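*Asks:* Would you mind keeping the following structure in view while I ask a few things?
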Amino acid sequence: MHLDNLSKSRIREIQGLLNKLGYYTYIIDGILGNYSKNAIKNFQNDNNLNETGQLDAQTLNRIDQFIMGYVPYTIQKGDTLYNIANAFKTNVWRIIAANPGINPFMLEIGQSIIIPLNYQVVPTNVPYTYDIMENNILALKKRYPMMMYESIGESVDGRQLYHITIGNGSNHVIYNGTHHANEWITSPLLMKWLENFLEVYVRRGTIRGYNTEDIWNRATIHIVPMVNPDGVDLVINGATEYGKNKEQLIAWNFDSDDFDDWKSNIRGVDLNRNYNAGWQEYKDLEGEFGITGPGPYLFAGTAPESEPESFAMANLTRNIVTRLVLAYHTQGQVIFWQFRDLQPEVSVVIGDAFARASGYELASETLSQSLAGYKDWYIQDFRKPGYTIEAGLGENPLPLDQFDMMYENNEELLLLASII
Ligand SMILES: [Zn+2]
C-alpha cells in the first residue's frame with residue numbers, strides 16, 4: 001500500500017466520485033479521514049472487494065473505472081442490449097452511442113464492447129486539475145466516439161494542450177478557457193457543456209430549444225478547455241511538486257506559498273498579455289504597474305507568443321477559418337468585444353445577443369481598454385468577432401458553489417455562438 005503517494009487532489013477526485021455515487025457526504029478536503037474510510041468500506045462492500053477502508057490497488061482500480069465512467073464487456077450467449085443495460089443499470093442509448101459499429105439485432109458472441117455507466121463524468125464538485133480534465137477527455141472519447149481530440153502542443157512543463165472538436169459544419173468557432181490559472185473554473189464550465197451537448201446529441205435532442213443535430217451539421221466547435229494547465233495545477237496544488245523551482249515560484253509570488261492570485265503560466269508570464277496586439281505598447285507600461293519580471297500576473301514575457309501555450313493557441317486560430325472566438329475568464333459577468341475599434345460592425349450585434357442569452361453585461365467602451373490579450377489579437381488580425389467573457393462574480397479563484405449559476409448563465413450563449 002502506498003497511501004502517501006496519493007496527492008491531495010487525487011484524494012479529492014476520489015472523494016468527489018464517492019460523493020457522486022452517494023457514499024460520501026462530508027466535505028471534499030483531500031484528507032483520508034474517518035468519513036472517507038467509511039465511504040471506501042461501503043464502496044468496497046458493494047463491489048465485492050475486501051472491506052479494508054484503504055485505497056489499495058484493487059480498490060483504486062475499481063474507483064478508476066467509475067471515474068472513467070465505463071466498463072469493458074464481452075458479449076455472452078443470449079445477451080441483448082436491453083439485458084446488458086439492465087445488468088449495468090445503464091441505458092441502451094448509452095451503449096449504442098459508445099459502440100458505433102454495433103448491431104443491436106445481431107450481437108456477436110465474444111465481441112468486445114464498452115458499457116458507459118449511467119451518469120456524467122465531468123465533476124463539478126472538485127477543484128479541476130489537469131489530470132482530472134485529461135481523464136474526462138479520454139472518458140468522453142470512449143463514451144462519445146464522434147468527439148475528436150488532439151494535442152496542439154505542450155505546456156512549459158510538458159502537459160498536453162488539448163483541442164477538442166465536435167460537429168462537422170462549415171461554421172468554425174473556437175471556445176477556450178483558463179488562460180489565467182486562478183480562473184480554472186472556466187475549464188469545467190466548457191467540459192460540462194461539452195458533455196451535456198454530446199449526451200443530448202446522441203439522442204438527437206434539443207437543449208434550450210437548440211437542435212443539437214442541426215448545430216452538429218452547421219458548426220464545428222473547437223474547444224481548448226485549459227490553455228494554462230501548469231498554472232492551474234500550481235494554483236490548486238501549490239508549489240510542493242516543483243523541487244528546486246519551488247523557491248523561484250514562491251519568490252515570484254511575493255514570497256508567498258499561497259498561489260490563489262496566480263494567473264500566469266509556470267514561467268511567470270501572463271498568457272493573456274502575450275499576444276501580438278499592442279504588445280510593445282503594453283510592455284512599455286509594465287513599469288507603471290510595478291511589473292519588473294516574471295510574477296503571478298501582468299508580466300507580458302519577452303516577446304509576443306514567447307510562451308508555448310499562447311503560441312499553440314494562436315497557431316490553432318491561424319489554422320482555422322473561424323467565424324468567431326470566445327475566451328472564457330472570471331470574473332465580472334461582463335462581455336468584452338472591442339479592440340481599438342478594429343472589430344467588425346456585427347460584433348456589437350452578436351455581443352448584444354450573447355448579453356441577452358447570458359444575462360451578462362456588454363462592456364462599454366471605456367471598460368474595454370485591454371492590450372495583448374487573445375481576443376484583442378484575434379480582432380486585430382482577423383477583423384472578426386472575438387469576445388472575452390468574464391463569467392461569475394467574486395474573488396478568483398471563484399468557489400465551486402458558483403458553478404451551477406455560471407453554467408446556467410452560459411449554456412445558451414455557448415449554443416448560440418456556434419451558429420450565429
Ligand atoms: Zn482572466
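Residue names in the C-alpha cells use chain letters A, B, ... in the order shown, residue numbers from 1 in each chain, and ligand numbers from 1 in the order shown.
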Per residue of region 110-229 of chain A within 8 Å of region 13-22 of chain A, what are the shortest atom pair and its distance in Å to one decimal, counting only C-alpha atoms, with rows by chain and residue number, as JSON lines?
*Replies:*
```
{"residue": "A:Pro123", "atom": "CA", "partner": "A:Gly16", "partner_atom": "CA", "distance": 7.2}
{"residue": "A:Asn125", "atom": "CA", "partner": "A:Gly16", "partner_atom": "CA", "distance": 6.1}
{"residue": "A:Val126", "atom": "CA", "partner": "A:Gly16", "partner_atom": "CA", "distance": 6.1}
{"residue": "A:Ile132", "atom": "CA", "partner": "A:Glu13", "partner_atom": "CA", "distance": 7.4}
```
*Asks:* Please, which residues have at least one atom within 10 Å of an atom of ligand 1, using only C-alpha atoms and all ligand atoms, listed as a PyMOL selection string?
*Replies:* chain A and resi 177-184+186+263-264+270-272+297+327-331+373+388-391+396
*Asks:* For the strand (DSSP E or B) assignment from backbone DSSP, which residues of region 187-411 of chain A qualify? Please present them as a ChimeraX atom specification.
*Replies:* /A:206-207,210-211,219-224,322-330,334-336,361-362,386-391
*Asks:* With N, CA, C and O atoms retained, could you export that selection as a short mmCIF file (atom, residue, chain, number, x, y, z; two decimals), in the first residue's frame?
*Replies:*
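That gives us selection-v1.cif:
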```cif
data_model
loop_
_atom_site.label_atom_id
_atom_site.label_comp_id
_atom_site.auth_asym_id
_atom_site.auth_seq_id
_atom_site.Cartn_x
_atom_site.Cartn_y
_atom_site.Cartn_z
N THR A 206 -32.87 18.34 -28.13
CA THR A 206 -32.68 19.79 -28.12
C THR A 206 -32.26 20.23 -26.72
O THR A 206 -32.58 19.60 -25.71
N ILE A 207 -31.53 21.33 -26.67
CA ILE A 207 -31.16 21.99 -25.41
C ILE A 207 -31.61 23.44 -25.52
O ILE A 207 -31.21 24.14 -26.45
N TYR A 210 -32.48 24.58 -28.83
CA TYR A 210 -31.50 24.43 -29.92
C TYR A 210 -31.39 22.96 -30.29
O TYR A 210 -31.12 22.12 -29.44
N ASN A 211 -31.58 22.68 -31.56
CA ASN A 211 -31.50 21.31 -32.06
C ASN A 211 -30.02 20.92 -32.19
O ASN A 211 -29.28 21.50 -32.98
N ALA A 219 -22.11 23.56 -37.63
CA ALA A 219 -20.94 24.13 -36.97
C ALA A 219 -19.87 23.09 -36.70
O ALA A 219 -20.15 21.89 -36.59
N THR A 220 -18.63 23.55 -36.61
CA THR A 220 -17.57 22.77 -36.00
C THR A 220 -17.09 23.60 -34.81
O THR A 220 -16.64 24.75 -34.98
N ILE A 221 -17.25 23.03 -33.62
CA ILE A 221 -16.92 23.76 -32.41
C ILE A 221 -15.58 23.25 -31.89
O ILE A 221 -15.41 22.06 -31.62
N HIS A 222 -14.63 24.16 -31.81
CA HIS A 222 -13.28 23.83 -31.32
C HIS A 222 -13.16 24.29 -29.88
O HIS A 222 -13.38 25.48 -29.60
N ILE A 223 -12.84 23.38 -28.99
CA ILE A 223 -12.75 23.74 -27.57
C ILE A 223 -11.34 23.47 -27.07
O ILE A 223 -10.83 22.36 -27.20
N VAL A 224 -10.71 24.51 -26.53
CA VAL A 224 -9.44 24.33 -25.81
C VAL A 224 -9.75 24.65 -24.35
O VAL A 224 -9.75 25.81 -23.94
N THR A 322 -12.15 30.81 -38.98
CA THR A 322 -13.17 30.90 -37.93
C THR A 322 -14.22 31.95 -38.24
O THR A 322 -13.97 32.93 -38.94
N ARG A 323 -15.38 31.75 -37.60
CA ARG A 323 -16.44 32.75 -37.63
C ARG A 323 -16.27 33.71 -36.44
O ARG A 323 -16.41 34.91 -36.58
N LEU A 324 -15.96 33.13 -35.27
CA LEU A 324 -15.77 33.94 -34.07
C LEU A 324 -15.03 33.13 -33.02
O LEU A 324 -14.86 31.92 -33.17
N VAL A 325 -14.58 33.81 -31.98
CA VAL A 325 -13.92 33.12 -30.85
C VAL A 325 -14.48 33.65 -29.53
O VAL A 325 -14.87 34.81 -29.43
N LEU A 326 -14.50 32.75 -28.56
CA LEU A 326 -14.85 33.11 -27.18
C LEU A 326 -13.70 32.71 -26.27
O LEU A 326 -13.24 31.58 -26.32
N ALA A 327 -13.24 33.65 -25.46
CA ALA A 327 -12.21 33.33 -24.46
C ALA A 327 -12.83 33.51 -23.09
O ALA A 327 -13.24 34.62 -22.72
N TYR A 328 -12.91 32.40 -22.35
CA TYR A 328 -13.54 32.46 -21.03
C TYR A 328 -12.55 32.81 -19.93
O TYR A 328 -11.48 32.23 -19.82
N HIS A 329 -12.97 33.79 -19.14
CA HIS A 329 -12.24 34.22 -17.95
C HIS A 329 -13.23 34.34 -16.80
O HIS A 329 -14.43 34.23 -17.00
N THR A 330 -12.72 34.59 -15.58
CA THR A 330 -13.56 35.04 -14.49
C THR A 330 -12.89 36.26 -13.88
O THR A 330 -11.66 36.37 -13.94
N VAL A 334 -19.46 40.03 -17.38
CA VAL A 334 -19.40 41.07 -18.41
C VAL A 334 -18.71 40.50 -19.65
O VAL A 334 -17.88 39.59 -19.55
N ILE A 335 -19.11 41.02 -20.80
CA ILE A 335 -18.60 40.53 -22.08
C ILE A 335 -17.83 41.65 -22.77
O ILE A 335 -18.38 42.72 -23.05
N PHE A 336 -16.56 41.42 -23.06
CA PHE A 336 -15.74 42.39 -23.78
C PHE A 336 -15.69 42.01 -25.26
O PHE A 336 -15.53 40.84 -25.58
N GLU A 361 -23.48 41.62 -18.83
CA GLU A 361 -23.49 42.97 -19.40
C GLU A 361 -22.51 43.05 -20.57
O GLU A 361 -21.42 42.47 -20.50
N LEU A 362 -22.92 43.75 -21.61
CA LEU A 362 -21.98 44.03 -22.70
C LEU A 362 -21.16 45.24 -22.28
O LEU A 362 -21.71 46.29 -21.97
N GLY A 386 -14.56 38.71 -31.75
CA GLY A 386 -13.86 37.99 -30.68
C GLY A 386 -14.35 38.52 -29.35
O GLY A 386 -14.58 39.72 -29.20
N TYR A 387 -14.53 37.62 -28.39
CA TYR A 387 -15.11 38.02 -27.10
C TYR A 387 -14.31 37.45 -25.94
O TYR A 387 -13.89 36.29 -25.97
N THR A 388 -14.14 38.28 -24.93
CA THR A 388 -13.70 37.80 -23.64
C THR A 388 -14.93 37.79 -22.74
O THR A 388 -15.58 38.82 -22.58
N ILE A 389 -15.24 36.62 -22.21
CA ILE A 389 -16.41 36.52 -21.34
C ILE A 389 -15.92 36.34 -19.91
O ILE A 389 -15.24 35.36 -19.59
N GLU A 390 -16.24 37.30 -19.09
CA GLU A 390 -15.86 37.24 -17.67
C GLU A 390 -17.03 36.64 -16.91
O GLU A 390 -18.00 37.31 -16.58
N ALA A 391 -16.92 35.34 -16.64
CA ALA A 391 -18.04 34.61 -16.03
C ALA A 391 -17.97 34.72 -14.50
O ALA A 391 -16.90 34.84 -13.92
#
```
*Asks:* Find the distance between CA of Gly301 (chain A) and CA of Asp233 (chain A) and write it in Å to one decimal.
*Replies:* 20.4 Å
*Asks:* For each of A:Thr90, A:Ser112, A:Asn171, A:Asn38, take the minimum atom-to-atom distance to Val321 (chain A), counting only C-alpha atoms, then give the residue where this is smallest.
*Replies:* A:Asn171
*Asks:* Fewer than 4 positions away in the same chain doesn't count, so skip those; otherwise give me all residues within 12 Å of region 275-284 of chain A, counting only C-alpha atoms, as an NGL selection string.
*Replies:* :A and (179 or 269-271 or 288-293 or 298-315 or 339-340 or 342 or 369-382)
*Asks:* Neighbouring residues of Phe403 (chain A) were defined as those with any atom within 10 Å, considering only C-alpha atoms; residues of the same chain fewer than 4 positions away were excluded. Please report them as a PyMOL selection string.
*Replies:* chain A and resi 124-125+185-186+188-189+391-392+398-399+407-409
*Asks:* Please compute the CA of Arg273 (chain A)-CA of Asp255 (chain A) distance, one decimal, in Å.
*Replies:*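 These atoms are spaced 23.0 Å apart.
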*Asks:* Kindly indicate which residue among A:Ile114, A:Gly101, A:Pro127, A:Asn168 lies nearest to Lys8 (chain A), using only C-alpha atoms for the distances.
*Replies:* A:Pro127
*Asks:* Do you know which residues are at most 9 Å from Gln120 (chain A) counting only C-alpha atoms, after dropping those on the same chain fewer than 4 positions away, and could you put them as number ranges by chain?
*Replies:* A: 69, 192, 195-196, 199
*Asks:* Taking only C-alpha atoms into account, name the residue in A:Val71, A:Ile11, A:Leu285, A:Ile266 that is nearest to Trp252 (chain A).
*Replies:*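 Of A:Val71, A:Ile11, A:Leu285, A:Ile266, the one nearest Trp252 (chain A), counting only C-alpha atoms, is A:Ile266.
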*Asks:* From the DSSP assignment of the backbone, select every residue of region 169-302 of chain A that is alpha helix (DSSP H), and format the answer as a ChimeraX atom specification.
*Replies:* /A:186-201,212-218,229-237,245-252,279-285
*Asks:* Can you measure CA of Met405 (chain A) to CA of Pro225 (chain A) for me? One decimal in Å is fine.
*Replies:*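 Distance between the two atoms: 18.8 Å.
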*Asks:* What lies within 9 Å of Ile40 (chain A) using only C-alpha atoms, ignoring chain neighbours under 4 positions off, as a PyMOL selection string?
*Replies:* chain A and resi 18+23-24+35-36+44-45+51-55+59
*Asks:* Show which residues sit within 7 Å of region 236-243 of chain A, as a list in words. Count only C-alpha atoms, and ignore same-chain residues fewer than 4 positions away.
*Replies:* Ser9, Pro127, Val232, Asp257, Asp258 and Phe259 of chain A
